[in-house]
Amino acid sequence: MSMEDTVSKANQELACERYGLATEELSFAGGMENAVYSYQKGGKTVFLRFGHSSHMTFDLVTAEIDWVVYLLDKNVPAVKPVKSENGIYVERIGMGKDSYNVVAFEKAEGEQLDFGNPKSWNDAVVRNWGRTIGRMHSASKDYKPKSARRYEFRPELDLSLIRREDKKVREKISDLFRRMHELPKGRDEYGLVHSDIHVGNFFVKGDRISAILDFDRACYKWFISEIAIALYYPLYVTTLRNNADEQRDFASKSRR
């Protein structure tokens with residue numbers, strides 16, 4: 001079953017009522033953990049995101065959008081949420097196993113980088129990527145949730161995934177987890193982060209980051225993890241993954 005087929009026509013109709021639309025105005029745009037549809041309103045493209053309640057609760061989605069609105073107020077470039085006809089950012093539709101949390105966002109200005117080709121990303125964009133992450137973390141230090149709160153990242157070690165004969169691997173991973181749990185959680189080290197800022201999750205306009213997208217994985221975590229995630233994708237998922245020299249060169253440029 002495709003993502004498009006997971007949202008029933010009845011629930012699409014309910015969502016359209018809340019946002020002042022006709023069902024035929026919706027066009028499926030894609031999605032992985034959420035189903036996303038697009039529509040035109042007031043000369044703008046708007047995206048309607050359906051998130052099943054089993055994926056994220058209503059409170060978690062509300063906390064996500066509250067933080068996005070806060071970041072926008074602090075001049076951090078982020079995708080802009082759109083209120084429903086009821087004047088709220090998150091609509092709950094359906095019941096029980098067929099329940100969804102629905103939010104709408106304006107289409108961001110700019111365009112995405114070529115995810116698979118880090119060599120096409122110019123140095124100015126990479127620097128602004130880092131600066132934008134820094135601005136977001138700086139703003140996050142003073143953030144106080146309105147009511148609902150995002151979850152805290154709690155990694156758990158599962159040694160059953162590693163063969164017993166690989167003793168050194170098991171020891172090293174166990175030590176890494178122990179050291180991670182001992183990391184400080186002060187105001188300057190730990191807070192609410194996006195948790196998935198790869199190049200597929202932001203738009204650029206010229207050399208600047210015009211909007212951060214997809215805050216679905218936002219959680220409380222060490223700020224440094226955001227840098228680790230940003231580096232992980234180009235170093236180990238893209239064309240750089242098979243060339244150690246190119247990996248080192250990219251990581252070196254990212255520190256400048």
# chains A, B, ... in the order shown; residues from 1 in each chain; ligands from 1
call {"tool": "select_by_dssp", "arguments": {"residues": "region 12-236 of chain A", "states": "strand (DSSP E or B)", "output": "MDAnalysis selection string"}}
result
chainID A and resid 27:30 35:41 44:52 78 81:82 91:93 100:106 111 152 190:193 202:205 208:212 219:222
call {"tool": "residues_around", "arguments": {"residues": "Phe202 (chain A)", "least_positions_apart": "5", "cutoff": "12 Å", "atoms": "only C-alpha atoms", "output": "short mmCIF file (atom, residue, chain, number, x, y, z; two decimals) with N, CA and C atoms, in the first residue's frame"}}
result
data_model
loop_
_atom_site.label_atom_id
_atom_site.label_comp_id
_atom_site.auth_asym_id
_atom_site.auth_seq_id
_atom_site.Cartn_x
_atom_site.Cartn_y
_atom_site.Cartn_z
N PRO A 77 15.27 30.64 9.81
CA PRO A 77 14.50 30.28 8.62
C PRO A 77 13.89 28.88 8.75
N ALA A 78 12.58 28.82 8.74
CA ALA A 78 11.87 27.55 8.86
C ALA A 78 10.62 27.58 8.00
N VAL A 79 10.16 26.43 7.61
CA VAL A 79 8.93 26.34 6.84
C VAL A 79 7.79 26.91 7.70
N LYS A 107 4.70 26.52 1.01
CA LYS A 107 5.87 26.05 0.27
C LYS A 107 7.03 27.00 0.51
N ALA A 108 8.19 26.44 0.81
CA ALA A 108 9.36 27.28 1.09
C ALA A 108 9.92 27.90 -0.18
N GLU A 109 10.53 29.06 -0.04
CA GLU A 109 11.21 29.69 -1.17
C GLU A 109 12.53 28.97 -1.44
N GLY A 110 12.96 29.03 -2.69
CA GLY A 110 14.26 28.46 -3.04
C GLY A 110 14.14 27.05 -3.59
N GLU A 111 15.22 26.32 -3.48
CA GLU A 111 15.29 24.96 -4.03
C GLU A 111 16.20 24.10 -3.17
N GLN A 112 16.14 22.80 -3.38
CA GLN A 112 16.99 21.89 -2.63
C GLN A 112 18.29 21.62 -3.38
N LEU A 113 19.31 21.29 -2.62
CA LEU A 113 20.59 20.90 -3.22
C LEU A 113 20.49 19.48 -3.77
N ASP A 114 21.45 19.12 -4.57
CA ASP A 114 21.54 17.75 -5.07
C ASP A 114 22.02 16.86 -3.92
N PHE A 115 21.11 16.08 -3.36
CA PHE A 115 21.40 15.29 -2.17
C PHE A 115 22.62 14.39 -2.34
N VAL A 125 27.30 27.93 0.94
CA VAL A 125 26.10 27.23 1.39
C VAL A 125 26.40 26.36 2.60
N VAL A 126 27.53 25.65 2.56
CA VAL A 126 27.90 24.78 3.68
C VAL A 126 28.13 25.61 4.95
N ASN A 128 26.78 28.55 5.63
CA ASN A 128 25.48 29.05 6.07
C ASN A 128 24.61 27.95 6.67
N TRP A 129 24.80 26.74 6.21
CA TRP A 129 24.16 25.58 6.82
C TRP A 129 24.55 25.49 8.30
N THR A 132 23.19 28.46 10.34
CA THR A 132 21.76 28.33 10.61
C THR A 132 21.50 27.35 11.75
N ILE A 133 22.24 26.26 11.76
CA ILE A 133 22.14 25.32 12.88
C ILE A 133 22.51 26.02 14.19
N HIS A 194 16.53 19.88 15.86
CA HIS A 194 15.79 19.38 14.70
C HIS A 194 16.00 17.88 14.55
N ASP A 196 17.55 16.14 12.22
CA ASP A 196 17.65 15.50 10.90
C ASP A 196 17.96 16.53 9.81
N ILE A 197 18.90 17.44 10.08
CA ILE A 197 19.19 18.50 9.10
C ILE A 197 20.21 18.02 8.07
N ARG A 208 22.13 31.34 0.75
CA ARG A 208 21.57 31.30 2.10
C ARG A 208 20.55 30.17 2.26
N ILE A 209 20.37 29.75 3.49
CA ILE A 209 19.35 28.75 3.80
C ILE A 209 18.03 29.50 3.93
N SER A 210 17.09 29.21 3.05
CA SER A 210 15.83 29.95 3.04
C SER A 210 14.77 29.33 3.95
N ALA A 211 14.86 28.04 4.20
CA ALA A 211 13.89 27.40 5.09
C ALA A 211 14.34 26.00 5.49
N ILE A 212 14.24 25.70 6.76
CA ILE A 212 14.45 24.34 7.26
C ILE A 212 13.10 23.62 7.19
N LEU A 213 13.12 22.38 6.74
CA LEU A 213 11.90 21.60 6.58
C LEU A 213 11.87 20.43 7.56
N ASP A 214 10.70 19.83 7.67
CA ASP A 214 10.53 18.52 8.31
C ASP A 214 11.08 18.45 9.74
N PHE A 215 10.33 19.01 10.67
CA PHE A 215 10.70 18.99 12.08
C PHE A 215 10.10 17.78 12.81
N ALA A 230 24.45 16.12 10.35
CA ALA A 230 24.72 16.89 9.13
C ALA A 230 25.92 16.32 8.37
#
call {"tool": "closest_residue", "arguments": {"among": "A:Pro118, A:His52, A:Arg217, A:His137", "to": "Gly96 (chain A)", "atoms": "only C-alpha atoms"}}
result
A:His52
call {"tool": "closest_residue", "arguments": {"among": "A:Ser140, A:Gln12, A:Ser195, A:Thr239", "to": "Leu72 (chain A)", "atoms": "only C-alpha atoms"}}
result
A:Ser140
call {"tool": "atom_distance", "arguments": {"atom1": "CA of Pro184 (chain A)", "atom2": "CA of Trp222 (chain A)"}}
result
8.6 Å
call {"tool": "select_by_dssp", "arguments": {"residues": "region 46-196 of chain A", "states": "alpha helix (DSSP H)", "output": "MDAnalysis selection string"}}
result
chainID A and resid 58:73 123:140 167:181
call {"tool": "atom_distance", "arguments": {"atom1": "CA of Phe177 (chain A)", "atom2": "CA of Tyr220 (chain A)"}}
result
17.2 Å
call {"tool": "closest_residue", "arguments": {"among": "A:Asp73, A:Glu13, A:Glu171, A:Glu33", "to": "Leu159 (chain A)", "atoms": "only C-alpha atoms"}}
result
A:Glu171
call {"tool": "closest_residue", "arguments": {"among": "A:Ser174, A:Thr62, A:Ser225, A:Thr238", "to": "Lys146 (chain A)", "atoms": "only C-alpha atoms"}}
result
A:Thr62
call {"tool": "closest_residue", "arguments": {"among": "A:Arg149, A:Arg248, A:Lys44, A:His181", "to": "Leu60 (chain A)", "atoms": "only C-alpha atoms"}}
result
A:Arg149
call {"tool": "atom_distance", "arguments": {"atom1": "CA of Thr23 (chain A)", "atom2": "CA of Ile65 (chain A)"}}
result
24.3 Å
call {"tool": "residues_around", "arguments": {"residues": "Arg92 (chain A)", "least_positions_apart": "6", "cutoff": "7 Å", "atoms": "only C-alpha atoms", "output": "list in words"}}
result
Tyr100, Asn101 and Val102 of chain A
call {"tool": "residues_around", "arguments": {"residues": "Tyr236 (chain A)", "least_positions_apart": "2", "cutoff": "12 Å", "atoms": "only C-alpha atoms", "output": "number ranges by chain"}}
result
A: 116-118, 228-234, 238-244, 246-248, 250-251
